[in-house]
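> Got a structure for you, written out below as structure tokens; questions coming shortly.
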Amino acid sequence: MTIASMKFFSKMLDLKFTDAFVQYGITEEKLTTKTEREIFNFIDEYITRNGETPTPEEIAVKFEGFVYTPTNSSFDVLAEEINQNHAKNELIRLIQGRINAEDEFEKKENLNDLLNKKSGFELIDLLQKQLEQIKTETLTQKKVGLSLTEDYDWFFEEYENRKQGKSFKVWESKFPKLNRVLGGGYVSGNLYTFYGRSGRGKSIIMLEEAINAAVHGAKVLYWGLEMIAFEMFCRAYASLSSRQKLFRGSLTDEQLQQIFGNSDEILEQIREVGMDIDAGFPQKELMMTKLSDDLFVLLREFAKSLNDIIPGKLIFKTVDMKAFKDKSIKALHADIIQTKADFVVVDPVYLMHREFNTSRTAGGDLAKTVVALRELAGITQTAILTATQADEVDEEENENGVRELKPPKRKDVKKSSEIRDGSSYVIGLDTIDGRGILVPRKARSGGEGERIEIIFLPNYGIVRELPSIEEVKEYLADNPSF
């Protein structure tokens with residue numbers, strides 16, 4: 001019998017406070033003895049039936065173990081004492097299973113029983129999970145939320161923290177129009193989802209955004225659940241060398257037609273004066289290890305220079321790494337903490353190890369995983385980008401036999417509607433060789449349905465927003481390079 005529980009019961013009965021158990025999170029499981037639990041259940045059932053608390057005398061007549069104990073202590077203090085005692089009891093159960101022979105809340109998975117059945121790492125995972133659960137269950141919530149009229153000091157403290165970049169960070173998109181739709185960039189604490197049909201460039205677009213964040217000083221963690229590390233490095237080297245204008249080249253007539261084919265006037269101007277474009281190492285040659293000796297030497301020097309060029313960091317954790325076995329939300333959380341990441345990419349979400357589907361509904365496990373991913377963005381104050389597939393549709397070709405760009409609609413998000421509903425922004429995309437389109441399908445600040453056209457030549461690291469016709473005309477007038 002604990003004194004705190006008797007004081008809590010007595011205060012509750014004195015004040016006739018019917019919602020005390022609910023408000024202060026007191027449950028049957030948190031009470032140590034059988035008598036305490038019986039008193040708890042009697043009071044709870046009495047309130048349900050009668051809409052009021054019983055008197056101390058009624059409790060005393062029914063339960064010999066009830067000790068009426070008036071107190072000046074607040075409910076907060078008493079609830080914290082009960083939770084502290086419950087935390088100790090749960091630790092004992094975690095170690096040996098039961099507190100005593102009469103314990104009704106035995107832990108079947110306890111250290112004493114599992115010590116010779118599980119590996120050391122499995123036991124550590126079990127301990128971490130159970131300790132976090134105990135902490136959550138016994139945390140006494142002394143205040144609900146923030147008061148608009150009373151907590152203005154919090155607001156101005158948060159304002160200064162955000163102004164100084166302490167609690168709120170924004171990482172610009174590589175694509176200016178998308179940046180405007182996002183309200184300035186990717187904001188910490190939010191989940192962003194790219195979706196498109198299979199093989200349409202989702203991974204390439206997210207890698208470009210990850211690189212852009214690193215170039216602007218972010219610590220980026222990239223969970224690649226489809227591509228191997230070597231491929232990621234090849235793509236990154238191609239992109240970064242293009243950004244550094246390592247090479248310049250001319251577009252073929254076919255590429256020009258693909259990119260600027262909607263303006264005969266621009267095509268004629270480019271054909272007349274020529275146009276060079278900044279490019280990077282050829283990705284396919286990198287992948288196939290077919291670089292010439294001279295280019296290989298240049299690549300090595302370029303790779304060594306990146307530490308001086310990029311103020312942030314870009315860390316790849318990919319599917320081919322032997323140590324990358326746990327792809328759960330918990331493992332991602334641990335990696336974010338270890339790398340101190342600001343910006344995270346999970347590519348794609350549906351290949352994560354999924355949260356348990358307690359609802360047993362179709363797609364419920366993925367839905368719970370997305371909810372957990374969104375919560376993780378808030379807990380860690382990171383911007384998290386992920387990808388999923390869009391439903392396949394019949395393809396349409398133009399008169400030259402080239403597939404028409406057809407970005408997926410809002411309803412085409414595949415796997416789970418929770419991906420769409422749980423994301424701050426959802427961006428559809430489609431690409432062909434030379435060109436692509438990004439279309440925000442869900443946006444908080446407007447811009448839904450706005451088409452953002454891009455040049456898409458990832459084999460040479462060229463993935464950038466397509467300039468408008470007016471911008472191209474102005475640029476060509478001054479300098480025939482792009």
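Just so we're on the same page: first chain in the structure tokens is A, next is B, and so on; residues restart at 1 for each chain, and ligands are numbered from 1 in the order they show up.
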Give me, as an MDAnalysis selection string, all polymer residues having an atom no more than 8 Å from A:Met227, counting only C-alpha atoms and skipping those fewer than 3 positions away in the same chain.

chainID A and resid 224 231:232 318:320

> Can you tell me, as a list in words, which residues in stretch 63-198 of chain A count as strand (DSSP E or B) by DSSP?

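Taking stretch 63-198 of chain A and keeping strand (DSSP E or B) only, one gets Val170, Trp171, Tyr186, Val187, Leu191, Tyr192, Thr193, Phe194, Tyr195 and Gly196 of chain A.
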
> Check the smallest atom-to-atom distance from each of A:Asp19, A:Tyr24, A:Trp154, A:Glu109 to A:Glu122 using only C-alpha atoms, then report the winner.

A:Glu109

> Would you kindly return, as a PDB file with N, CA and C atoms, in the first residue's frame, each protein, DNA or RNA residue with an atom no farther than 12 Å from any atom of A:Gln133, considering only C-alpha atoms and excluding same-chain residues fewer than 4 positions away?


```
ATOM      1  N   ALA A  87       7.188   3.510 -12.114  1.00  0.00           N
ATOM      2  CA  ALA A  87       8.405   3.365 -12.917  1.00  0.00           C
ATOM      3  C   ALA A  87       9.363   2.357 -12.273  1.00  0.00           C
ATOM      4  N   GLU A  90       7.983  -1.137 -12.766  1.00  0.00           N
ATOM      5  CA  GLU A  90       8.156  -1.591 -14.155  1.00  0.00           C
ATOM      6  C   GLU A  90       9.603  -2.013 -14.417  1.00  0.00           C
ATOM      7  N   LEU A  91      10.548  -1.313 -13.814  1.00  0.00           N
ATOM      8  CA  LEU A  91      11.963  -1.697 -13.955  1.00  0.00           C
ATOM      9  C   LEU A  91      12.219  -3.066 -13.319  1.00  0.00           C
ATOM     10  N   LEU A  94      10.830  -5.581 -15.619  1.00  0.00           N
ATOM     11  CA  LEU A  94      11.690  -5.716 -16.796  1.00  0.00           C
ATOM     12  C   LEU A  94      12.889  -6.616 -16.500  1.00  0.00           C
ATOM     13  N   LEU A 126      15.687  -4.345 -26.962  1.00  0.00           N
ATOM     14  CA  LEU A 126      14.542  -4.589 -26.081  1.00  0.00           C
ATOM     15  C   LEU A 126      14.552  -3.612 -24.913  1.00  0.00           C
ATOM     16  N   LEU A 127      15.729  -3.440 -24.293  1.00  0.00           N
ATOM     17  CA  LEU A 127      15.848  -2.520 -23.158  1.00  0.00           C
ATOM     18  C   LEU A 127      15.487  -1.103 -23.548  1.00  0.00           C
ATOM     19  N   GLN A 128      16.041  -0.648 -24.681  1.00  0.00           N
ATOM     20  CA  GLN A 128      15.776   0.721 -25.141  1.00  0.00           C
ATOM     21  C   GLN A 128      14.279   0.939 -25.358  1.00  0.00           C
ATOM     22  N   LYS A 129      13.647  -0.032 -26.021  1.00  0.00           N
ATOM     23  CA  LYS A 129      12.217   0.090 -26.315  1.00  0.00           C
ATOM     24  C   LYS A 129      11.394   0.106 -25.040  1.00  0.00           C
ATOM     25  N   GLU A 137       4.955   6.259 -20.281  1.00  0.00           N
ATOM     26  CA  GLU A 137       3.786   5.936 -19.456  1.00  0.00           C
ATOM     27  C   GLU A 137       3.777   6.680 -18.126  1.00  0.00           C
ATOM     28  N   THR A 138       4.965   6.953 -17.594  1.00  0.00           N
ATOM     29  CA  THR A 138       5.043   7.521 -16.243  1.00  0.00           C
ATOM     30  C   THR A 138       5.333   9.017 -16.231  1.00  0.00           C
ATOM     31  N   LEU A 139       5.417   9.608 -17.413  1.00  0.00           N
ATOM     32  CA  LEU A 139       5.672  11.047 -17.475  1.00  0.00           C
ATOM     33  C   LEU A 139       4.422  11.809 -17.043  1.00  0.00           C
TER      34      LEU A 139
END
```

> For each of A:Lys118, A:Arg243, A:His86, A:Arg354, take the minimum atom-to-atom distance to A:Lys327, counting only C-alpha atoms, then give the residue where this is smallest.

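Closest to A:Lys327, using only C-alpha atoms: A:Arg354.
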
> Could you pull out the helix (DSSP H, G or I) residues of stretch 42-143 of chain A, going by DSSP on the backbone, and write them as a VMD selection string?

chain A and resid 42 to 50 56 to 62 75 to 96 111 to 114 120 to 138

> Write out as a list in words each polymer residue whose atoms come within 7 Å of A:Leu191, counting only C-alpha atoms; drop sequence neighbours fewer than 4 positions from it.

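The contact residues come out as Arg374, Ala377, Ala383, Ile384, Leu385, Ser423 and Ser424 of chain A.
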
> Counting only C-alpha atoms, what is within 8 Å of A:Phe168, bar same-chain residues fewer than 6 positions away, as a list in words?

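Neighbouring residues, sequence-local ones excluded: Asn161, Arg162, Val187, Ser188 and Gln381 of chain A.
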
> Have a look at atom CA of A:Glu301 and atom CA of A:Phe247 and let me know their distance in Å, one decimal.

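Separating atom CA of A:Glu301 from atom CA of A:Phe247 is a distance of 14.6 Å.
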
> Point out the residue among A:Ala279, A:Tyr237, A:Val371, A:Met288 with the least atom-to-atom distance to A:Leu306, counting only C-alpha atoms.

A:Tyr237

> When you draw a straight line from atom CA of A:Asn41 to atom CA of A:Glu28, how long is it in Å?

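Separation of atom CA of A:Asn41 and atom CA of A:Glu28: 7.4 Å.
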
> So that I can see what lies close to A:Glu58, please list as a ChimeraX atom specification the residues with an atom at most 12 Å from it, counting only C-alpha atoms and leaving out residues fewer than 6 positions away in the same chain.

/A:10,13,39,42-43,46,64,66,68

> Could the residues in this selection be written to a file with N, CA and C atoms, as a PDB file, in the first residue's frame?


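The file below, again-v4.pdb, is the result:
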```
ATOM      1  N   SER A  10      -8.211  10.083  -1.335  1.00  0.00           N
ATOM      2  CA  SER A  10      -8.859  10.920  -0.312  1.00  0.00           C
ATOM      3  C   SER A  10      -9.141  12.320  -0.842  1.00  0.00           C
ATOM      4  N   LEU A  13     -11.992  12.249  -3.352  1.00  0.00           N
ATOM      5  CA  LEU A  13     -13.304  12.104  -2.724  1.00  0.00           C
ATOM      6  C   LEU A  13     -13.717  13.384  -2.002  1.00  0.00           C
ATOM      7  N   ILE A  39      -9.862  -0.633  -4.966  1.00  0.00           N
ATOM      8  CA  ILE A  39     -10.436   0.672  -4.594  1.00  0.00           C
ATOM      9  C   ILE A  39     -10.573   1.539  -5.848  1.00  0.00           C
ATOM     10  N   PHE A  42     -13.494   0.330  -7.934  1.00  0.00           N
ATOM     11  CA  PHE A  42     -14.774   0.635  -7.297  1.00  0.00           C
ATOM     12  C   PHE A  42     -15.148   2.106  -7.530  1.00  0.00           C
ATOM     13  N   ILE A  43     -14.166   3.013  -7.298  1.00  0.00           N
ATOM     14  CA  ILE A  43     -14.421   4.449  -7.491  1.00  0.00           C
ATOM     15  C   ILE A  43     -14.772   4.730  -8.953  1.00  0.00           C
ATOM     16  N   TYR A  46     -18.199   3.403  -9.792  1.00  0.00           N
ATOM     17  CA  TYR A  46     -19.211   4.196  -9.070  1.00  0.00           C
ATOM     18  C   TYR A  46     -19.486   5.502  -9.823  1.00  0.00           C
ATOM     19  N   GLU A  64     -11.330  -2.735   3.877  1.00  0.00           N
ATOM     20  CA  GLU A  64     -10.641  -2.627   5.159  1.00  0.00           C
ATOM     21  C   GLU A  64      -9.280  -1.944   5.003  1.00  0.00           C
ATOM     22  N   PHE A  66      -8.492   0.524   3.095  1.00  0.00           N
ATOM     23  CA  PHE A  66      -8.543   1.954   2.763  1.00  0.00           C
ATOM     24  C   PHE A  66      -8.221   2.801   3.990  1.00  0.00           C
ATOM     25  N   TYR A  68      -8.179   6.641   5.005  1.00  0.00           N
ATOM     26  CA  TYR A  68      -8.514   8.026   4.639  1.00  0.00           C
ATOM     27  C   TYR A  68      -7.376   8.934   5.093  1.00  0.00           C
TER      28      TYR A  68
END
```

> Between A:Val463, A:Ala387, A:Leu291, A:Val297, which is the closest to A:Arg197 once you count only C-alpha atoms?

A:Ala387

> Name the residues in contact with A:Ile315 at a cut-off of 9 Å, using only C-alpha atoms, excluding same-chain residues fewer than 6 positions from it; report them as a PyMOL selection string.

chain A and resi 219-223+339

> Suppose you want the space between atom CA of A:Leu332 and atom CA of A:Phe194; what is it in Å?

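Computing the Euclidean distance for atom CA of A:Leu332 and atom CA of A:Phe194 yields 19.2 Å.
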